[in-house]
Amino acid sequence: MFTAPQRRLGGLAALLLLALVVVPAGRPADVATAPARGAAGPAAEAEDAMGPEDGYLFSRSANAAAPSAASFRAVARQRSAVAAATRREAPGLTRAAWRLAGPTNIGGRVVDLALDPKRVGTVYVATAGGGVWKTTDRGRTFTAAWPRRFPQAIGAIAVAPDRTIYVGTGETNPGGGSITYGGDGIYRSRDGGRTWKHLGLRRSSTIARLVVDPANPRRVYAAVSGNLYVPGGQRGLYVSSDAGASWSRQLAPPNSTTGASDVAVDPKNPSRIFVAMWDHIRHPDVRTYTGVGSGLWRSTNRGQSWSHLGPAEGLLADSAANGRIGVTIDPTNPRNVYMIYANDPLGLFEALDVSTDHGSSWTAPPQAQSDLADSQYVYGWWFAHLWVDPRHPSHVFVAGLDLYRSTDSGSSFSVSGGVHSDQHVMAFDKRVDNLVYLGDDGGFYRSTTGGSSNSWVKATYEPWTQFDGLDVSEQDPGRINGGLQDNGSVRSWGDHGRAQEDWDSYLGGDGQQNLINPKNKNNVFACYQYGACSVSTNGGQDMNEFDQQTVSDRHNYFTPMAFDPSRPSTVYYAGDIVNKSVDGGATWMPVSTDLGNIDPGTEVNPLYAAHYGTVTSLAVSAKDGNQIWAGTDNGLLWKTTTGGPVWTRIQSPVLPSRWVSHVQVDPDSPKVVYVTYSGFRAGVHTPYVFRTTDGGSTWKNISANLPQAPVNDLIVVGGRLYLASDVGVFTSRRSSIRWHVIGHGLPRAPVTHLRYIPKNHRLYVSTFGRCVWSLPL
């Protein structure tokens with residue numbers, strides 16, 4: 001979750017000689033506006049009331065479109081319809097079972113934890129993209145406690161005293177360059193996670209926190225953050241008094257881009273409630289994670305009325321510079337309340353405040369401010385959580401890049417080392433002194449010394465890894481590599497064998513593009529965010545960074561690379577400029593000008609200037625290596641028939657102005673090209689799939705009967721197409737487009753990449769939260 005330094009354009013004189021054939025057009029901007037919601041107050045909102053976003057349109061270019069209205073429930077019905085059609089029309093396609101390829105030993109982001117109130121050592125684990133897992137032995141082993149067919153992105157989990165489990169789907173953590181996924185409301189289980197019932201709040205999208213009233217197990221509070229990409233909808237604090245059967249809004253946000261980011265209920269006086277509100281929204285070209293709606297609210301009468309706490313109580317005034325807020329109450333002495341302003345507009349720590357009178361007045365301990373401000377506390381919008389040890393209340397913890405620990409009630413902090421970066425949740429078991437669990441971007445940890453530094457033991461079985469990139473060796477299909485959100489680039493070979501539990505890391509950062517030379521399995525490439533890429537000639541044992549040799553001003557979070565299929569010693573890499581190597585990545589030269597920002601007068605938001613207007617996909621023809629295609633995040637599509645420097649912009653009224661998620665040249669003909677687009681970052685879930693059979697002169701929409709979900713990848717295998725979307729893998733004949741489900745048993749996590757290996761006739765897929773799977777074709 002860190003940003004690679006911006007590299008200035010080099011070799012400009014040489015680039016001036018390159019020709020670029022374009023039709024001038026302004027850069028599309030995914031910007032949405034909606035009426036502001038009314039001031040916060042006690043008035044309840046029925047769950048099915050219309051939100052202000054239901055009627056507004058996105059303001060775009062000639063391809064203006066309304067936001068997709070497809071809910072998770074509707075998409076599930078659409079996918080079920082495709083599955084039913086598959087069983088009728090092509091039953092053989094679903095007979096084969098998807099098989100987990102791994103890894104199980106790497107882990108991934110854990111966003112929340114809940115302890116079984118009756119059994120010590122039983123913990124329910126909410127993961128960012130892999131559903132809910134259960135351990136009965138303090139994290140030594142895990143079993144799935146969440147159906148594969150449900151949305152896999154989880155935001156919050158809570159267990160009532162009667163052992164009823166509540167789960168809020170959709171992750172509030174918003175990502176920087178990465179993306180996170182929403183959900184479809186709240187679920188309940190009364191049998192330890194064996195069966196689940198949907199309870200409502202279908203339009204909540206993301207849920208930050210669930211809290212069960214300590215005096216009434218049927219009363220549940222939900223901090224609803226709302227849709228990250230679309231204003232309005234269900235946002236604020238919701239409450240149920242009947243164990244989730246119905247919900248009403250108890251505290252509305254002050255505007256349409258603000259949602260609840262935390263809620264804390266006094267364990268000894270449940271009439272006292274604190275709610276943190278967070279004003280934030282994201283568009284493809286800019287993220288705004290601060291706003292005037294961010295603030296802290298308090299009720300002393302169980303939510304019948306609310307007070308907005310601010311300068312009069314010693315807190316910050318409302319400001320566009322205020323970011324995500326977290327709040328917690330000392331469970332031993334509830335007079336002590338802690339809150340954090342986690343980020344300013346740059347993502348840096350803003351303030352930590354402490355109250356010793358139930359929130360009536362607040363102070364900011366000077367040493368604590370210094371300790372947190374001077375530490376590696378960055379991108380605070382990714383954290384904003386605090387915890388108090390129930391048996392040692394002077395021990396206070398703050399989430400950040402590191403885990404920060406205070407032993408003097410928040411007056412000062414130091415780092416508790418020994419864990420992966422980026423902390424999200426702690427859960428103390430008050431029945432056992434010093435037993436505490438932690439979840440972060442690396443996975444699940446346990447400490448038996450109260451979270452002291454270097455006391456943490458990491459789980460060894462964590463099959464909830466989030467893949468961004470994937471490749472498989474054509475020479476040896478047992479060699480799989482991939483880029484992982486938060487966990488670097490990993491490989492299935494190396495020093496420990498090839499089992500699911502034996503993968504290892506060979507490059508750090510947020511892993512992205514990974515490649516294996518199809519004719520030389522030891523020639524591998526791996527990248528982390530924003531184009532920091534390395535090459536190896538010995539299977540990843542030694543990695544040599546090469547991106548400094550390339551020419552680009554801007555790099556996408558997932559900077560694409562591609563082999564020339566006929567000569568894989570030739571490889572391409574693109575930021576805003578396409579670069580080429582003819583010696584396996586040892587040396588590089590530019591072969592285009594800027595493909596991402598064709599209008600020099602167009603301003604790019606300064607906070608995102610190094611990362612927008614960039615190439616997102618590259619494809620090289622297997623029949624003619626001089627024919628190369630490139631797509632960009634701002635919806636531009638290009639091709640060259642000479643290998644560069646001349647590139648032609650491809651335009652058609654049929655094609656949308658959306659993020660190009662993938663370009664695929666048909667292996668049998670360079671004139672046949674497939675392009676997929678994604679409106680995900682604009683809150684649009686339309687499946688965009690297009691095909692040209694004449695090199696880009698004309699296009700046909702072939703999305704046909706696909707469910708309303710973004711498309712991420714497409715490959716051609718023989719006479720069939722295989723497509724990866726946010727709701728699974730689909731296939732169609734090339735000759736007559738009708739999509740069917742392929743295989744059975746694949747979890748409903750977004751599928752990010754596809755790879756077919758002729759040697760063993762298997763299709764491999766990477767998922768954002770459920771690892772890598774394969775299927776025999």
# chains A, B, ... in the order shown; residues from 1 in each chain; ligands from 1
call {"tool": "select_by_dssp", "arguments": {"residues": "stretch 632-730 of chain A", "states": "strand (DSSP E)", "output": "mmCIF file with N, CA and C atoms, in the first residue's frame"}}
result
data_model
loop_
_atom_site.group_PDB
_atom_site.id
_atom_site.type_symbol
_atom_site.label_atom_id
_atom_site.label_comp_id
_atom_site.auth_asym_id
_atom_site.auth_seq_id
_atom_site.Cartn_x
_atom_site.Cartn_y
_atom_site.Cartn_z
ATOM 1 N N THR A 632 -6.552 1.782 -22.296
ATOM 2 C CA THR A 632 -6.190 2.651 -21.174
ATOM 3 C C THR A 632 -7.319 2.752 -20.147
ATOM 4 N N LEU A 637 -8.480 3.275 -26.892
ATOM 5 C CA LEU A 637 -8.062 2.019 -27.493
ATOM 6 C C LEU A 637 -7.153 2.316 -28.683
ATOM 7 N N TRP A 638 -6.003 1.637 -28.728
ATOM 8 C CA TRP A 638 -4.983 1.903 -29.741
ATOM 9 C C TRP A 638 -4.482 0.611 -30.368
ATOM 10 N N LYS A 639 -3.947 0.762 -31.605
ATOM 11 C CA LYS A 639 -3.237 -0.362 -32.204
ATOM 12 C C LYS A 639 -2.121 0.160 -33.104
ATOM 13 N N THR A 640 -1.130 -0.677 -33.276
ATOM 14 C CA THR A 640 -0.091 -0.424 -34.265
ATOM 15 C C THR A 640 0.059 -1.669 -35.120
ATOM 16 N N TRP A 647 0.984 4.651 -33.996
ATOM 17 C CA TRP A 647 -0.184 4.039 -33.358
ATOM 18 C C TRP A 647 -1.443 4.758 -33.824
ATOM 19 N N THR A 648 -2.504 4.014 -34.026
ATOM 20 C CA THR A 648 -3.783 4.568 -34.457
ATOM 21 C C THR A 648 -4.810 4.399 -33.353
ATOM 22 N N ARG A 649 -5.499 5.495 -33.046
ATOM 23 C CA ARG A 649 -6.563 5.383 -32.052
ATOM 24 C C ARG A 649 -7.803 4.788 -32.699
ATOM 25 N N TRP A 659 -12.985 2.154 -18.482
ATOM 26 C CA TRP A 659 -11.694 1.532 -18.191
ATOM 27 C C TRP A 659 -11.553 0.271 -19.041
ATOM 28 N N VAL A 660 -10.504 0.174 -19.856
ATOM 29 C CA VAL A 660 -10.265 -1.026 -20.659
ATOM 30 C C VAL A 660 -9.657 -2.086 -19.739
ATOM 31 N N SER A 661 -10.407 -3.152 -19.493
ATOM 32 C CA SER A 661 -9.930 -4.181 -18.576
ATOM 33 C C SER A 661 -9.103 -5.247 -19.271
ATOM 34 N N HIS A 662 -9.342 -5.473 -20.570
ATOM 35 C CA HIS A 662 -8.543 -6.489 -21.263
ATOM 36 C C HIS A 662 -8.693 -6.337 -22.776
ATOM 37 N N VAL A 663 -7.590 -6.587 -23.477
ATOM 38 C CA VAL A 663 -7.582 -6.693 -24.938
ATOM 39 C C VAL A 663 -6.998 -8.050 -25.284
ATOM 40 N N GLN A 664 -7.653 -8.769 -26.216
ATOM 41 C CA GLN A 664 -7.186 -10.094 -26.623
ATOM 42 C C GLN A 664 -7.234 -10.204 -28.140
ATOM 43 N N VAL A 665 -6.080 -10.463 -28.755
ATOM 44 C CA VAL A 665 -6.031 -10.702 -30.193
ATOM 45 C C VAL A 665 -6.258 -12.184 -30.429
ATOM 46 N N VAL A 673 -10.267 -9.221 -32.834
ATOM 47 C CA VAL A 673 -9.801 -8.718 -31.540
ATOM 48 C C VAL A 673 -11.001 -8.593 -30.602
ATOM 49 N N TYR A 674 -10.770 -8.945 -29.345
ATOM 50 C CA TYR A 674 -11.787 -8.831 -28.308
ATOM 51 C C TYR A 674 -11.337 -7.777 -27.300
ATOM 52 N N VAL A 675 -12.274 -6.922 -26.878
ATOM 53 C CA VAL A 675 -11.970 -5.890 -25.885
ATOM 54 C C VAL A 675 -13.060 -5.915 -24.817
ATOM 55 N N THR A 676 -12.623 -5.922 -23.559
ATOM 56 C CA THR A 676 -13.569 -5.821 -22.447
ATOM 57 C C THR A 676 -13.321 -4.512 -21.701
ATOM 58 N N TYR A 677 -14.381 -3.941 -21.200
ATOM 59 C CA TYR A 677 -14.327 -2.687 -20.440
ATOM 60 C C TYR A 677 -14.965 -2.903 -19.078
ATOM 61 N N SER A 678 -14.573 -2.077 -18.129
ATOM 62 C CA SER A 678 -15.159 -2.150 -16.789
ATOM 63 C C SER A 678 -15.604 -0.771 -16.334
ATOM 64 N N TYR A 688 -19.220 -5.286 -20.367
ATOM 65 C CA TYR A 688 -18.876 -4.781 -21.699
ATOM 66 C C TYR A 688 -17.915 -5.754 -22.384
ATOM 67 N N VAL A 689 -18.370 -6.395 -23.470
ATOM 68 C CA VAL A 689 -17.520 -7.297 -24.253
ATOM 69 C C VAL A 689 -17.780 -7.010 -25.728
ATOM 70 N N PHE A 690 -16.708 -6.708 -26.467
ATOM 71 C CA PHE A 690 -16.841 -6.330 -27.871
ATOM 72 C C PHE A 690 -15.857 -7.118 -28.726
ATOM 73 N N ARG A 691 -16.280 -7.325 -29.997
ATOM 74 C CA ARG A 691 -15.421 -8.044 -30.939
ATOM 75 C C ARG A 691 -15.404 -7.326 -32.283
ATOM 76 N N THR A 692 -14.212 -7.253 -32.849
ATOM 77 C CA THR A 692 -14.072 -6.790 -34.232
ATOM 78 C C THR A 692 -13.508 -7.935 -35.060
ATOM 79 N N LYS A 700 -18.901 -5.297 -32.575
ATOM 80 C CA LYS A 700 -20.171 -5.878 -32.162
ATOM 81 C C LYS A 700 -20.127 -6.187 -30.675
ATOM 82 N N ASN A 701 -21.195 -5.826 -29.993
ATOM 83 C CA ASN A 701 -21.323 -6.147 -28.578
ATOM 84 C C ASN A 701 -21.685 -7.618 -28.448
ATOM 85 N N VAL A 711 -16.467 -7.258 -16.330
ATOM 86 C CA VAL A 711 -15.659 -8.297 -16.970
ATOM 87 C C VAL A 711 -14.188 -7.925 -16.824
ATOM 88 N N ASN A 712 -13.358 -8.901 -16.442
ATOM 89 C CA ASN A 712 -11.956 -8.635 -16.134
ATOM 90 C C ASN A 712 -10.967 -9.255 -17.101
ATOM 91 N N ASP A 713 -11.351 -10.335 -17.803
ATOM 92 C CA ASP A 713 -10.402 -11.026 -18.662
ATOM 93 C C ASP A 713 -11.161 -11.867 -19.673
ATOM 94 N N LEU A 714 -10.494 -12.173 -20.793
ATOM 95 C CA LEU A 714 -11.072 -13.031 -21.820
ATOM 96 C C LEU A 714 -9.937 -13.691 -22.582
ATOM 97 N N ILE A 715 -10.068 -14.998 -22.842
ATOM 98 C CA ILE A 715 -9.076 -15.707 -23.644
ATOM 99 C C ILE A 715 -9.797 -16.548 -24.693
ATOM 100 N N VAL A 716 -9.057 -16.922 -25.726
ATOM 101 C CA VAL A 716 -9.560 -17.748 -26.814
ATOM 102 C C VAL A 716 -8.840 -19.086 -26.750
ATOM 103 N N VAL A 717 -9.610 -20.166 -26.678
ATOM 104 C CA VAL A 717 -9.045 -21.520 -26.661
ATOM 105 C C VAL A 717 -9.799 -22.353 -27.689
ATOM 106 N N ARG A 720 -13.605 -21.840 -28.622
ATOM 107 C CA ARG A 720 -14.388 -21.273 -27.529
ATOM 108 C C ARG A 720 -13.719 -20.039 -26.950
ATOM 109 N N LEU A 721 -14.565 -19.194 -26.353
ATOM 110 C CA LEU A 721 -14.117 -18.059 -25.562
ATOM 111 C C LEU A 721 -14.337 -18.392 -24.086
ATOM 112 N N TYR A 722 -13.414 -17.958 -23.248
ATOM 113 C CA TYR A 722 -13.565 -18.078 -21.795
ATOM 114 C C TYR A 722 -13.427 -16.684 -21.203
ATOM 115 N N LEU A 723 -14.326 -16.354 -20.285
ATOM 116 C CA LEU A 723 -14.430 -14.990 -19.788
ATOM 117 C C LEU A 723 -14.472 -14.989 -18.263
ATOM 118 N N ALA A 724 -13.711 -14.064 -17.665
ATOM 119 C CA ALA A 724 -13.682 -13.894 -16.214
ATOM 120 C C ALA A 724 -14.452 -12.640 -15.838
ATOM 121 N N SER A 725 -15.373 -12.784 -14.884
ATOM 122 C CA SER A 725 -16.135 -11.628 -14.419
ATOM 123 C C SER A 725 -16.121 -11.616 -12.898
ATOM 124 N N GLY A 728 -17.848 -14.930 -11.655
ATOM 125 C CA GLY A 728 -17.496 -16.267 -12.097
ATOM 126 C C GLY A 728 -16.865 -16.322 -13.469
ATOM 127 N N VAL A 729 -16.785 -17.552 -13.996
ATOM 128 C CA VAL A 729 -16.173 -17.822 -15.294
ATOM 129 C C VAL A 729 -17.251 -18.345 -16.240
ATOM 130 N N PHE A 730 -17.257 -17.826 -17.453
ATOM 131 C CA PHE A 730 -18.263 -18.184 -18.439
ATOM 132 C C PHE A 730 -17.579 -18.548 -19.754
#
call {"tool": "residues_around", "arguments": {"residues": "A:Val132", "least_positions_apart": "4", "cutoff": "6 Å", "atoms": "only C-alpha atoms", "output": "list in words"}}
result
Val125, Ala126, Ala145 and Trp146 of chain A
call {"tool": "residues_around", "arguments": {"residues": "stretch 534-545 of chain A", "least_positions_apart": "3", "cutoff": "8 Å", "atoms": "only C-alpha atoms", "output": "list in words"}}
result
Gly494, Tyr506, Leu507, Lys521, Asn522, Asn523, Val524, Phe525, Ala526, Cys527, Gln548, Gly585 and Ala586 of chain A
call {"tool": "write_last_selection", "arguments": {"atoms": "all heavy atoms", "output": "short mmCIF file (atom, residue, chain, number, x, y, z; two decimals), in the first residue's frame"}}
result
data_model
loop_
_atom_site.label_atom_id
_atom_site.label_comp_id
_atom_site.auth_asym_id
_atom_site.auth_seq_id
_atom_site.Cartn_x
_atom_site.Cartn_y
_atom_site.Cartn_z
N GLY A 494 10.08 -23.15 -5.76
CA GLY A 494 11.01 -22.45 -4.89
C GLY A 494 11.69 -23.42 -3.95
O GLY A 494 12.04 -24.54 -4.34
N TYR A 506 8.58 -13.90 -3.71
CA TYR A 506 9.86 -13.58 -4.34
C TYR A 506 9.98 -12.12 -4.78
O TYR A 506 10.98 -11.72 -5.34
CB TYR A 506 10.14 -14.53 -5.51
CG TYR A 506 9.26 -14.37 -6.74
CD1 TYR A 506 9.77 -13.82 -7.90
CD2 TYR A 506 7.95 -14.82 -6.75
CE1 TYR A 506 9.00 -13.70 -9.04
CE2 TYR A 506 7.16 -14.71 -7.87
CZ TYR A 506 7.69 -14.15 -9.02
OH TYR A 506 6.91 -14.03 -10.15
N LEU A 507 8.94 -11.31 -4.50
CA LEU A 507 9.02 -9.86 -4.69
C LEU A 507 7.96 -9.23 -3.81
O LEU A 507 6.88 -9.79 -3.63
CB LEU A 507 8.81 -9.46 -6.15
CG LEU A 507 9.14 -7.99 -6.49
CD1 LEU A 507 10.64 -7.74 -6.43
CD2 LEU A 507 8.62 -7.61 -7.88
N LYS A 521 10.96 -21.39 -18.68
CA LYS A 521 10.26 -21.27 -17.40
C LYS A 521 11.06 -20.55 -16.33
O LYS A 521 10.50 -20.15 -15.31
CB LYS A 521 9.87 -22.66 -16.90
CG LYS A 521 11.05 -23.57 -16.59
CD LYS A 521 10.58 -24.96 -16.18
CE LYS A 521 11.75 -25.88 -15.85
NZ LYS A 521 11.29 -27.24 -15.50
N ASN A 522 12.36 -20.37 -16.55
CA ASN A 522 13.17 -19.66 -15.56
C ASN A 522 13.19 -18.15 -15.79
O ASN A 522 13.68 -17.40 -14.94
CB ASN A 522 14.60 -20.20 -15.57
CG ASN A 522 14.69 -21.57 -14.94
OD1 ASN A 522 14.12 -21.80 -13.89
ND2 ASN A 522 15.39 -22.49 -15.60
N ASN A 523 12.69 -17.72 -16.94
CA ASN A 523 12.60 -16.29 -17.24
C ASN A 523 11.24 -15.78 -16.75
O ASN A 523 10.22 -16.00 -17.40
CB ASN A 523 12.77 -16.06 -18.73
CG ASN A 523 12.67 -14.60 -19.16
OD1 ASN A 523 12.25 -14.30 -20.27
ND2 ASN A 523 13.06 -13.68 -18.28
N VAL A 524 11.23 -15.16 -15.57
CA VAL A 524 9.98 -14.73 -14.96
C VAL A 524 10.03 -13.23 -14.68
O VAL A 524 11.10 -12.65 -14.49
CB VAL A 524 9.68 -15.51 -13.66
CG1 VAL A 524 9.60 -16.99 -13.94
CG2 VAL A 524 10.73 -15.22 -12.59
N PHE A 525 8.84 -12.63 -14.66
CA PHE A 525 8.68 -11.20 -14.38
C PHE A 525 7.69 -11.05 -13.23
O PHE A 525 6.72 -11.79 -13.11
CB PHE A 525 8.13 -10.46 -15.60
CG PHE A 525 9.06 -10.47 -16.78
CD1 PHE A 525 9.11 -11.57 -17.64
CD2 PHE A 525 9.87 -9.38 -17.06
CE1 PHE A 525 9.95 -11.58 -18.73
CE2 PHE A 525 10.72 -9.39 -18.15
CZ PHE A 525 10.77 -10.49 -18.99
N ALA A 526 7.93 -10.05 -12.41
CA ALA A 526 7.01 -9.74 -11.30
C ALA A 526 7.04 -8.24 -11.05
O ALA A 526 8.08 -7.60 -11.19
CB ALA A 526 7.40 -10.50 -10.03
N CYS A 527 5.88 -7.70 -10.69
CA CYS A 527 5.75 -6.26 -10.47
C CYS A 527 5.03 -6.01 -9.16
O CYS A 527 4.24 -6.84 -8.69
CB CYS A 527 4.93 -5.60 -11.58
SG CYS A 527 5.57 -5.86 -13.25
N GLN A 548 13.33 1.29 -14.28
CA GLN A 548 14.04 2.56 -14.44
C GLN A 548 14.58 2.73 -15.87
O GLN A 548 14.87 3.84 -16.30
CB GLN A 548 15.21 2.65 -13.46
CG GLN A 548 14.81 2.60 -12.00
CD GLN A 548 14.91 1.19 -11.44
OE1 GLN A 548 14.81 0.22 -12.18
NE2 GLN A 548 15.13 1.09 -10.15
N GLY A 585 13.92 -8.77 -21.32
CA GLY A 585 13.78 -7.80 -20.25
C GLY A 585 15.07 -7.19 -19.78
O GLY A 585 15.08 -6.43 -18.80
N ALA A 586 16.17 -7.46 -20.47
CA ALA A 586 17.46 -6.89 -20.06
C ALA A 586 17.58 -5.42 -20.44
O ALA A 586 18.06 -4.60 -19.65
CB ALA A 586 18.61 -7.69 -20.66
#
call {"tool": "residues_around", "arguments": {"residues": "stretch 232-242 of chain A", "least_positions_apart": "3", "cutoff": "6 Å", "atoms": "only C-alpha atoms", "output": "list in words"}}
result
Gly51, Pro52, Glu53, Arg203, Ser204, Arg218, Arg219, Val220, Tyr221, Ala222, Ala223, Val224, Ser225, Gly226, Ala245, Ser246, Trp247, Ser248, Arg249, Gln250, Leu251, Ala252, Pro253, Ser256, Gly259 and Ala260 of chain A
call {"tool": "atom_distance", "arguments": {"atom1": "atom CA of A:Gly644", "atom2": "atom CA of A:Asn520"}}
result
25.9 Å
call {"tool": "residues_around", "arguments": {"residues": "stretch 96-110 of chain A", "least_positions_apart": "5", "cutoff": "9 Å", "atoms": "only C-alpha atoms", "output": "ChimeraX atom specification"}}
result
/A:125-130,422-425,438-444,459-466,480,484-487,490-492,499-505,742-746,764,769-777
call {"tool": "select_by_dssp", "arguments": {"residues": "stretch 460-655 of chain A", "states": "helix (DSSP H, G or I)", "output": "VMD selection string"}}
result
chain A and resid 547 to 549 606 to 608
call {"tool": "atom_distance", "arguments": {"atom1": "atom CA of A:Arg446", "atom2": "atom CA of A:Pro117"}}
result
17.6 Å
call {"tool": "closest_residue", "arguments": {"among": "A:Thr206, A:Gly295, A:Tyr229, A:Val741", "to": "A:Gly679", "atoms": "only C-alpha atoms"}}
result
A:Tyr229
call {"tool": "closest_residue", "arguments": {"among": "A:His753, A:Gly192, A:Lys580, A:Pro174", "to": "A:Gly482", "atoms": "only C-alpha atoms"}}
result
A:His753
call {"tool": "residues_around", "arguments": {"residues": "A:Asp433", "least_positions_apart": "4", "cutoff": "9 Å", "atoms": "only C-alpha atoms", "output": "PDB file with C-alpha atoms, in the first residue's frame"}}
result
ATOM      1  CA  ARG A 391      -8.042  -6.780  31.536  1.00  0.00           C
ATOM      2  CA  HIS A 392      -5.311  -4.166  31.280  1.00  0.00           C
ATOM      3  CA  PHE A 428      -9.266  -9.653  23.224  1.00  0.00           C
ATOM      4  CA  ASP A 429     -10.598 -12.717  25.013  1.00  0.00           C
ATOM      5  CA  THR A 448      -0.642 -14.845  24.562  1.00  0.00           C
ATOM      6  CA  THR A 449       1.235 -11.883  26.043  1.00  0.00           C
ATOM      7  CA  GLY A 450      -1.332  -9.181  25.446  1.00  0.00           C
TER       8      GLY A 450
END
call {"tool": "closest_residue", "arguments": {"among": "A:Ser416, A:Thr550, A:Ser569, A:Ser447", "to": "A:Met589", "atoms": "only C-alpha atoms"}}
result
A:Thr550
